[in-house]
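Pasting model-v2.pdb here (PDB, C-alpha atoms):
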```pdb
MODEL        1
ATOM      1  CA  MET O   1      -4.393 -40.826  43.549
ATOM      2  CA  PRO O   2      -5.764 -40.226  40.021
ATOM      3  CA  VAL O   3      -5.499 -43.007  37.490
ATOM      4  CA  GLN O   4      -3.331 -42.086  34.515
ATOM      5  CA  PRO O   5      -3.569 -43.788  31.123
ATOM      6  CA  PRO O   6      -0.541 -45.836  30.163
ATOM      7  CA  LEU O   7       2.313 -43.936  28.533
ATOM      8  CA  LEU O   8       1.933 -45.877  25.265
ATOM      9  CA  PHE O   9      -1.757 -44.813  25.023
ATOM     10  CA  ARG O  10      -0.878 -41.134  25.573
ATOM     11  CA  PHE O  11       1.921 -41.336  23.012
ATOM     12  CA  THR O  12      -0.434 -42.985  20.453
ATOM     13  CA  CYS O  13      -3.044 -40.237  20.973
ATOM     14  CA  LEU O  14      -0.397 -37.566  20.483
ATOM     15  CA  LEU O  15       0.831 -39.135  17.240
ATOM     16  CA  GLY O  16      -2.743 -39.571  16.009
ATOM     17  CA  GLY O  17      -3.464 -35.901  16.694
ATOM     18  CA  LEU O  18      -0.311 -34.827  14.888
ATOM     19  CA  ALA O  19      -1.189 -37.054  11.946
ATOM     20  CA  LEU O  20      -4.576 -35.320  11.611
ATOM     21  CA  LEU O  21      -3.105 -31.824  11.863
ATOM     22  CA  PRO O  22      -2.321 -31.504   8.113
ATOM     23  CA  ALA O  23      -5.987 -32.185   7.365
ATOM     24  CA  CYS O  24      -6.821 -28.987   9.265
ATOM     25  CA  TYR O  25      -4.269 -26.931   7.340
ATOM     26  CA  ARG O  26      -5.337 -24.794   4.401
ATOM     27  CA  GLU O  27      -3.101 -22.175   2.862
ATOM     28  CA  ALA O  28      -4.730 -18.780   2.804
ATOM     29  CA  THR O  29      -4.747 -16.982  -0.508
ATOM     30  CA  ASP O  30      -5.689 -13.449  -1.341
ATOM     31  CA  SER O  31      -6.762 -14.209  -4.903
ATOM     32  CA  ALA O  32     -10.407 -13.380  -4.275
ATOM     33  CA  SER O  33      -9.676 -10.195  -2.353
ATOM     34  CA  ALA O  34      -6.891  -8.890  -4.594
ATOM     35  CA  PRO O  35      -7.150 -10.049  -8.209
ATOM     36  CA  ARG O  36      -4.253  -9.243 -10.556
ATOM     37  CA  TYR O  37      -4.800  -5.915 -12.337
ATOM     38  CA  THR O  38      -4.596  -6.439 -16.097
ATOM     39  CA  GLY O  39      -6.333  -3.300 -17.370
ATOM     40  CA  THR O  40      -4.847  -0.674 -19.657
ATOM     41  CA  ALA O  41      -6.442   2.515 -18.276
ATOM     42  CA  PRO O  42      -3.978   5.176 -17.046
ATOM     43  CA  TRP O  43      -3.332   5.021 -13.312
ATOM     44  CA  THR O  44      -4.161   7.932 -11.011
ATOM     45  CA  VAL O  45      -3.889   8.767  -7.325
ATOM     46  CA  ASP O  46      -7.378   9.504  -6.018
ATOM     47  CA  GLY O  47      -8.368  10.309  -9.621
ATOM     48  CA  VAL O  48      -5.533  12.795 -10.342
ATOM     49  CA  ARG O  49      -2.471  12.173 -12.526
ATOM     50  CA  PRO O  50       0.713  14.212 -13.047
ATOM     51  CA  GLY O  51       0.348  16.436 -16.099
ATOM     52  CA  GLN O  52      -3.235  17.468 -15.354
ATOM     53  CA  THR O  53      -3.966  21.085 -14.500
ATOM     54  CA  LEU O  54      -5.045  22.355 -11.100
ATOM     55  CA  ASP O  55      -8.484  23.085 -12.583
ATOM     56  CA  GLU O  56      -8.790  19.437 -13.673
ATOM     57  CA  ALA O  57      -7.790  18.300 -10.170
ATOM     58  CA  ARG O  58     -10.435  20.622  -8.686
ATOM     59  CA  LYS O  59     -13.109  19.109 -10.942
ATOM     60  CA  ILE O  60     -12.194  15.668  -9.628
ATOM     61  CA  LEU O  61     -11.547  16.446  -5.958
ATOM     62  CA  GLY O  62     -13.631  19.573  -5.357
ATOM     63  CA  GLU O  63     -12.431  22.784  -3.749
ATOM     64  CA  PRO O  64      -9.209  22.385  -1.753
ATOM     65  CA  SER O  65      -9.098  23.168   1.943
ATOM     66  CA  GLU O  66      -5.654  24.771   1.822
ATOM     67  CA  THR O  67      -2.988  26.058  -0.588
ATOM     68  CA  ARG O  68       0.584  26.783   0.496
ATOM     69  CA  GLY O  69       3.768  27.843  -1.227
ATOM     70  CA  SER O  70       5.023  30.342  -3.745
ATOM     71  CA  ARG O  71       4.081  30.970  -7.354
ATOM     72  CA  SER O  72       6.811  28.599  -8.578
ATOM     73  CA  ALA O  73       5.589  25.609  -6.560
ATOM     74  CA  ARG O  74       2.486  25.196  -4.448
ATOM     75  CA  VAL O  75       1.010  22.387  -2.429
ATOM     76  CA  VAL O  76      -2.764  22.106  -2.572
ATOM     77  CA  HIS O  77      -4.474  20.047   0.120
ATOM     78  CA  TRP O  78      -7.892  18.415   0.284
ATOM     79  CA  SER O  79      -8.212  17.531   3.966
ATOM     80  CA  ASP O  80     -11.534  15.707   3.568
ATOM     81  CA  LYS O  81      -9.888  13.322   1.082
ATOM     82  CA  GLU O  82      -6.400  13.450   2.641
ATOM     83  CA  THR O  83      -4.946  14.190  -0.787
ATOM     84  CA  MET O  84      -2.114  16.623  -1.533
ATOM     85  CA  VAL O  85      -1.101  17.843  -4.975
ATOM     86  CA  THR O  86       2.063  19.750  -5.847
ATOM     87  CA  ILE O  87       1.679  22.119  -8.796
ATOM     88  CA  ASN O  88       4.266  24.156 -10.686
ATOM     89  CA  ALA O  89       4.161  27.791 -11.830
ATOM     90  CA  ALA O  90       2.082  26.805 -14.874
ATOM     91  CA  ASN O  91      -0.607  25.250 -12.574
ATOM     92  CA  VAL O  92       0.298  21.750 -13.755
ATOM     93  CA  VAL O  93       0.237  18.821 -11.310
ATOM     94  CA  VAL O  94       3.735  17.411 -10.784
ATOM     95  CA  GLU O  95       3.148  15.167  -7.746
ATOM     96  CA  ILE O  96       0.201  13.643  -5.876
ATOM     97  CA  TRP O  97       0.007  12.043  -2.412
ATOM     98  CA  GLY O  98      -3.191  10.172  -1.604
ATOM     99  CA  HIS O  99      -4.682   6.911  -0.443
ATOM    100  CA  SER O 100      -5.831   5.067  -3.561
ATOM    101  CA  LEU O 101      -4.311   4.008  -6.843
ATOM    102  CA  LYS O 102      -7.124   4.063  -9.378
ATOM    103  CA  ALA O 103      -7.482   3.052 -13.018
ATOM    104  CA  GLY O 104     -10.516   3.672 -15.171
ATOM    105  CA  GLY O 105     -12.387   5.110 -12.187
ATOM    106  CA  GLN O 106     -11.971   1.949 -10.103
ATOM    107  CA  THR O 107      -9.753   1.538  -7.044
ATOM    108  CA  VAL O 108      -6.932  -0.897  -7.780
ATOM    109  CA  VAL O 109      -4.990  -0.434  -4.520
ATOM    110  CA  GLY O 110      -6.606   1.217  -1.526
ATOM    111  CA  PRO O 111      -5.849   1.826   2.118
ATOM    112  CA  GLY O 112      -5.375  -1.224   4.293
ATOM    113  CA  LEU O 113      -4.250  -3.684   1.605
ATOM    114  CA  SER O 114      -1.503  -5.990   2.806
ATOM    115  CA  GLU O 115       1.908  -6.259   1.166
ATOM    116  CA  ALA O 116       0.876  -9.625  -0.308
ATOM    117  CA  GLU O 117      -2.299  -8.109  -1.776
ATOM    118  CA  VAL O 118      -0.369  -5.187  -3.318
ATOM    119  CA  THR O 119       2.174  -7.467  -4.994
ATOM    120  CA  GLN O 120      -0.546  -9.875  -6.091
ATOM    121  CA  THR O 121      -2.509  -7.008  -7.655
ATOM    122  CA  LEU O 122       0.329  -5.032  -9.278
ATOM    123  CA  GLY O 123       3.299  -7.415  -9.296
ATOM    124  CA  SER O 124       6.514  -7.055  -7.332
ATOM    125  CA  GLY O 125       7.624  -3.695  -8.784
ATOM    126  CA  LYS O 126      10.828  -2.210  -7.407
ATOM    127  CA  SER O 127      10.916  -2.566  -3.651
ATOM    128  CA  ALA O 128      12.730  -0.620  -0.951
ATOM    129  CA  ARG O 129      12.557  -1.188   2.791
ATOM    130  CA  THR O 130      11.579   1.514   5.217
ATOM    131  CA  SER O 131      13.243   1.337   8.590
ATOM    132  CA  VAL O 132      13.186   2.946  11.968
ATOM    133  CA  GLN O 133      16.426   3.239  13.924
ATOM    134  CA  GLY O 134      16.588   1.756  17.393
ATOM    135  CA  SER O 135      16.195   4.134  20.296
ATOM    136  CA  GLY O 136      18.004   4.526  23.557
ATOM    137  CA  VAL O 137      21.667   4.541  24.432
ATOM    138  CA  ILE O 138      22.466   1.251  22.742
ATOM    139  CA  SER O 139      21.050   0.517  19.306
ATOM    140  CA  PHE O 140      21.423  -2.785  17.524
ATOM    141  CA  GLY O 141      20.405  -1.569  14.089
ATOM    142  CA  ALA O 142      17.182  -0.758  12.396
ATOM    143  CA  LYS O 143      13.891  -2.597  12.319
ATOM    144  CA  THR O 144      12.154  -2.918   8.967
ATOM    145  CA  THR O 145       8.703  -1.411   9.353
ATOM    146  CA  GLY O 146       7.472  -1.460   5.781
ATOM    147  CA  ARG O 147       8.181  -1.309   2.079
ATOM    148  CA  ILE O 148       7.772   1.150  -0.754
ATOM    149  CA  PHE O 149       6.849  -0.509  -4.039
ATOM    150  CA  THR O 150       7.514   1.544  -7.182
ATOM    151  CA  TYR O 151       5.711   0.938 -10.477
ATOM    152  CA  GLU O 152       5.713   2.746 -13.826
ATOM    153  CA  ASN O 153       2.583   3.503 -15.807
ATOM    154  CA  GLY O 154       2.679   5.666 -18.938
ATOM    155  CA  GLY O 155       5.796   7.612 -17.947
ATOM    156  CA  VAL O 156       4.586   8.221 -14.379
ATOM    157  CA  ALA O 157       6.121   6.595 -11.290
ATOM    158  CA  PHE O 158       3.730   5.308  -8.622
ATOM    159  CA  GLU O 159       4.946   4.506  -5.117
ATOM    160  CA  VAL O 160       2.764   2.365  -2.878
ATOM    161  CA  THR O 161       3.844   2.541   0.767
ATOM    162  CA  VAL O 162       3.001  -0.443   2.953
ATOM    163  CA  GLN O 163       3.746   0.329   6.577
ATOM    164  CA  GLU O 164       3.302  -2.108   9.473
ATOM    165  CA  GLY O 165       1.349  -4.545   7.342
ATOM    166  CA  SER O 166      -1.063  -2.334   5.410
ATOM    167  CA  THR O 167      -1.103   0.213   2.601
ATOM    168  CA  GLN O 168      -0.775   3.737   3.990
ATOM    169  CA  HIS O 169      -0.527   5.988   0.945
ATOM    170  CA  VAL O 170       0.210   6.232  -2.772
ATOM    171  CA  ARG O 171       2.424   8.823  -4.447
ATOM    172  CA  ALA O 172       2.674   9.641  -8.172
ATOM    173  CA  PHE O 173       5.292  11.777  -9.952
ATOM    174  CA  ARG O 174       7.177  12.028 -13.212
ATOM    175  CA  PRO O 175      10.714  10.674 -12.731
TER
ENDMDL
END
```

Show how you would write the structure in this file as structure tokens.
Amino acid sequence: MPVQPPLLFRFTCLLGGLALLPACYREATDSASAPRYTGTAPWTVDGVRPGQTLDEARKILGEPSETRGSRSARVVHWSDKETMVTINAANVVVEIWGHSLKAGGQTVVGPGLSEAEVTQTLGSGKSARTSVQGSGVISFGAKTTGRIFTYENGGVAFEVTVQEGSTQHVRAFRP
């Protein structure tokens, strides 16, 4: 039969271990990976901003891979950059979908940033939950799967979508 230490000894070791546990704890911060943006440069999505012309977008993004729609509204797609731009009849950009929010040529928010990093970088903005309804015969409501954070910069609205823990895309439009 194995020899077991006395109950008081085991209890003392457990308490000692629990007492040392806070010394192992360190709160993680994202300050180094996501510093607060304080610049004044106009924001863009992948370098393009509503109000620019299609020619200006082409200079920034290169030749598009596809254009769809009518003369009154067209969607121009750059598949290599996964960027889509909606233009009006006057060839002016009215909406952009892409992966990076940039300012002054630098990426401020890019793909994969966590919700905490987005809010640390840009502030809390206006937030809305995105949800997926339950499936099957019986559904007990919706599960929150992400958030859309909306910010304003120079008369342009920017939506940053964080889905399942990381930034998925950025959208810009004039409200």

(request) Between atom CA of O:Lys126 and atom CA of O:Thr150, measure the distance and give it in Å to one decimal. (result) 5.0 Å

(request) Would you kindly return, as a PyMOL selection string, each protein, DNA or RNA residue with an atom no farther than 12 Å from any atom of O:Glu159, considering only C-alpha atoms and excluding same-chain residues fewer than 6 positions away? (result) chain O and resi 43-45+95-101+109+118+122+124-128+147-153+167-175

(message) Ranking O:Val156, O:Leu54, O:Ala34, O:Ala89 by minimum distance to O:Arg71 and counting all atoms listed in the file, which one comes first?
(response)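 For O:Arg71, the nearest of the candidates is O:Ala89.
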
(message) Starting from the PyMOL selection byres ((chain O and resi 58-67) around 12), expand the selection into actual residues of this file and give them as a ChimeraX atom specification.
(response) /O:44-49,52-57,68-71,73-87,91-93,98,105

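Here atom CA of O:Gln163 and atom CA of O:Pro111 stand 10.7 Å from one another.
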
(request) Select, from O:Asn88, O:Gln106, O:Thr145, O:Ser72, the residue with the minimum atom-to-atom distance to O:Gly39, counting only C-alpha atoms. (result)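 Selected residue with least distance to O:Gly39: O:Gln106.
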
Report as a PDB file with C-alpha atoms, in the frame of the given file the full result of the PyMOL selection byres ((chain O and resi 40) around 12) when it is applied to this structure.
```pdb
ATOM      1  CA  TYR O  37      -4.800  -5.915 -12.337  1.00  0.00           C
ATOM      2  CA  THR O  38      -4.596  -6.439 -16.097  1.00  0.00           C
ATOM      3  CA  GLY O  39      -6.333  -3.300 -17.370  1.00  0.00           C
ATOM      4  CA  ALA O  41      -6.442   2.515 -18.276  1.00  0.00           C
ATOM      5  CA  PRO O  42      -3.978   5.176 -17.046  1.00  0.00           C
ATOM      6  CA  TRP O  43      -3.332   5.021 -13.312  1.00  0.00           C
ATOM      7  CA  LYS O 102      -7.124   4.063  -9.378  1.00  0.00           C
ATOM      8  CA  ALA O 103      -7.482   3.052 -13.018  1.00  0.00           C
ATOM      9  CA  GLY O 104     -10.516   3.672 -15.171  1.00  0.00           C
ATOM     10  CA  ASN O 153       2.583   3.503 -15.807  1.00  0.00           C
ATOM     11  CA  GLY O 154       2.679   5.666 -18.938  1.00  0.00           C
TER      12      GLY O 154
END
```

(message) Report, in Å to a single decimal, how far apart atom CA of O:Arg36 and atom CA of O:Gly110 are.
(response) 14.0 Å

Each side padded by 3 Å, which centre and which edge lengths in Å (one decimal) define the axis-aligned box around the listed atoms of stretch 119-127 of chain O? Give them as JSON.
```
{"center_x": 4.2, "center_y": -6.0, "center_z": -6.5, "size_x": 19.4, "size_y": 13.7, "size_z": 11.6}
```

(message) With distances taken over all atoms listed in the file, which residue among O:Gly165, O:Gly155, O:Pro35, O:Gly146 lies nearest O:Ser114?
(response) O:Gly165

Incomplete stretch 54-77 of chain O filled out to N, CA and C atoms as a PDB file, keeping the file's coordinate frame:
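And here is the file that came out, result.pdb:
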```pdb
ATOM      1  N   LEU O  54      -4.393  22.179 -12.393  1.00  0.00           N
ATOM      2  CA  LEU O  54      -5.045  22.355 -11.100  1.00  0.00           C
ATOM      3  C   LEU O  54      -6.555  22.408 -11.272  1.00  0.00           C
ATOM      4  N   ASP O  55      -7.035  23.044 -12.339  1.00  0.00           N
ATOM      5  CA  ASP O  55      -8.484  23.085 -12.583  1.00  0.00           C
ATOM      6  C   ASP O  55      -9.057  21.689 -12.781  1.00  0.00           C
ATOM      7  N   GLU O  56      -8.328  20.818 -13.488  1.00  0.00           N
ATOM      8  CA  GLU O  56      -8.790  19.437 -13.673  1.00  0.00           C
ATOM      9  C   GLU O  56      -8.820  18.696 -12.337  1.00  0.00           C
ATOM     10  N   ALA O  57      -7.807  18.932 -11.497  1.00  0.00           N
ATOM     11  CA  ALA O  57      -7.790  18.300 -10.170  1.00  0.00           C
ATOM     12  C   ALA O  57      -8.969  18.787  -9.328  1.00  0.00           C
ATOM     13  N   ARG O  58      -9.285  20.080  -9.425  1.00  0.00           N
ATOM     14  CA  ARG O  58     -10.435  20.622  -8.686  1.00  0.00           C
ATOM     15  C   ARG O  58     -11.745  19.991  -9.149  1.00  0.00           C
ATOM     16  N   LYS O  59     -11.886  19.751 -10.434  1.00  0.00           N
ATOM     17  CA  LYS O  59     -13.109  19.109 -10.942  1.00  0.00           C
ATOM     18  C   LYS O  59     -13.265  17.703 -10.367  1.00  0.00           C
ATOM     19  N   ILE O  60     -12.156  17.035 -10.142  1.00  0.00           N
ATOM     20  CA  ILE O  60     -12.194  15.668  -9.628  1.00  0.00           C
ATOM     21  C   ILE O  60     -12.366  15.646  -8.109  1.00  0.00           C
ATOM     22  N   LEU O  61     -11.602  16.494  -7.414  1.00  0.00           N
ATOM     23  CA  LEU O  61     -11.547  16.446  -5.958  1.00  0.00           C
ATOM     24  C   LEU O  61     -12.412  17.491  -5.243  1.00  0.00           C
ATOM     25  N   GLY O  62     -12.880  18.495  -5.982  1.00  0.00           N
ATOM     26  CA  GLY O  62     -13.631  19.573  -5.357  1.00  0.00           C
ATOM     27  C   GLY O  62     -12.709  20.705  -4.954  1.00  0.00           C
ATOM     28  N   GLU O  63     -13.237  21.637  -4.185  1.00  0.00           N
ATOM     29  CA  GLU O  63     -12.431  22.784  -3.749  1.00  0.00           C
ATOM     30  C   GLU O  63     -11.458  22.356  -2.654  1.00  0.00           C
ATOM     31  N   PRO O  64     -10.196  22.763  -2.773  1.00  0.00           N
ATOM     32  CA  PRO O  64      -9.209  22.385  -1.753  1.00  0.00           C
ATOM     33  C   PRO O  64      -9.452  23.118  -0.446  1.00  0.00           C
ATOM     34  N   SER O  65      -8.963  22.541   0.630  1.00  0.00           N
ATOM     35  CA  SER O  65      -9.098  23.168   1.943  1.00  0.00           C
ATOM     36  C   SER O  65      -7.936  24.109   2.232  1.00  0.00           C
ATOM     37  N   GLU O  66      -6.813  23.944   1.526  1.00  0.00           N
ATOM     38  CA  GLU O  66      -5.654  24.771   1.822  1.00  0.00           C
ATOM     39  C   GLU O  66      -4.692  24.783   0.631  1.00  0.00           C
ATOM     40  N   THR O  67      -4.041  25.929   0.421  1.00  0.00           N
ATOM     41  CA  THR O  67      -2.988  26.058  -0.588  1.00  0.00           C
ATOM     42  C   THR O  67      -1.813  26.767   0.065  1.00  0.00           C
ATOM     43  N   ARG O  68      -0.625  26.188  -0.085  1.00  0.00           N
ATOM     44  CA  ARG O  68       0.584  26.783   0.496  1.00  0.00           C
ATOM     45  C   ARG O  68       1.687  26.821  -0.548  1.00  0.00           C
ATOM     46  N   GLY O  69       2.598  27.774  -0.374  1.00  0.00           N
ATOM     47  CA  GLY O  69       3.768  27.843  -1.227  1.00  0.00           C
ATOM     48  C   GLY O  69       3.830  29.126  -2.012  1.00  0.00           C
ATOM     49  N   SER O  70       4.798  29.152  -2.920  1.00  0.00           N
ATOM     50  CA  SER O  70       5.023  30.342  -3.745  1.00  0.00           C
ATOM     51  C   SER O  70       4.435  30.118  -5.130  1.00  0.00           C
ATOM     52  N   ARG O  71       4.599  31.090  -5.990  1.00  0.00           N
ATOM     53  CA  ARG O  71       4.081  30.970  -7.354  1.00  0.00           C
ATOM     54  C   ARG O  71       4.794  29.869  -8.136  1.00  0.00           C
ATOM     55  N   SER O  72       6.068  29.597  -7.804  1.00  0.00           N
ATOM     56  CA  SER O  72       6.811  28.599  -8.578  1.00  0.00           C
ATOM     57  C   SER O  72       6.424  27.169  -8.212  1.00  0.00           C
ATOM     58  N   ALA O  73       6.022  26.941  -6.982  1.00  0.00           N
ATOM     59  CA  ALA O  73       5.589  25.609  -6.560  1.00  0.00           C
ATOM     60  C   ALA O  73       4.634  25.757  -5.382  1.00  0.00           C
ATOM     61  N   ARG O  74       3.482  25.146  -5.514  1.00  0.00           N
ATOM     62  CA  ARG O  74       2.486  25.196  -4.448  1.00  0.00           C
ATOM     63  C   ARG O  74       2.006  23.793  -4.119  1.00  0.00           C
ATOM     64  N   VAL O  75       1.617  23.639  -2.872  1.00  0.00           N
ATOM     65  CA  VAL O  75       1.010  22.387  -2.429  1.00  0.00           C
ATOM     66  C   VAL O  75      -0.449  22.684  -2.117  1.00  0.00           C
ATOM     67  N   VAL O  76      -1.320  21.935  -2.743  1.00  0.00           N
ATOM     68  CA  VAL O  76      -2.764  22.106  -2.572  1.00  0.00           C
ATOM     69  C   VAL O  76      -3.272  20.876  -1.817  1.00  0.00           C
ATOM     70  N   HIS O  77      -4.052  21.125  -0.769  1.00  0.00           N
ATOM     71  CA  HIS O  77      -4.474  20.047   0.120  1.00  0.00           C
ATOM     72  C   HIS O  77      -5.992  19.944   0.192  1.00  0.00           C
TER      73      HIS O  77
END
```
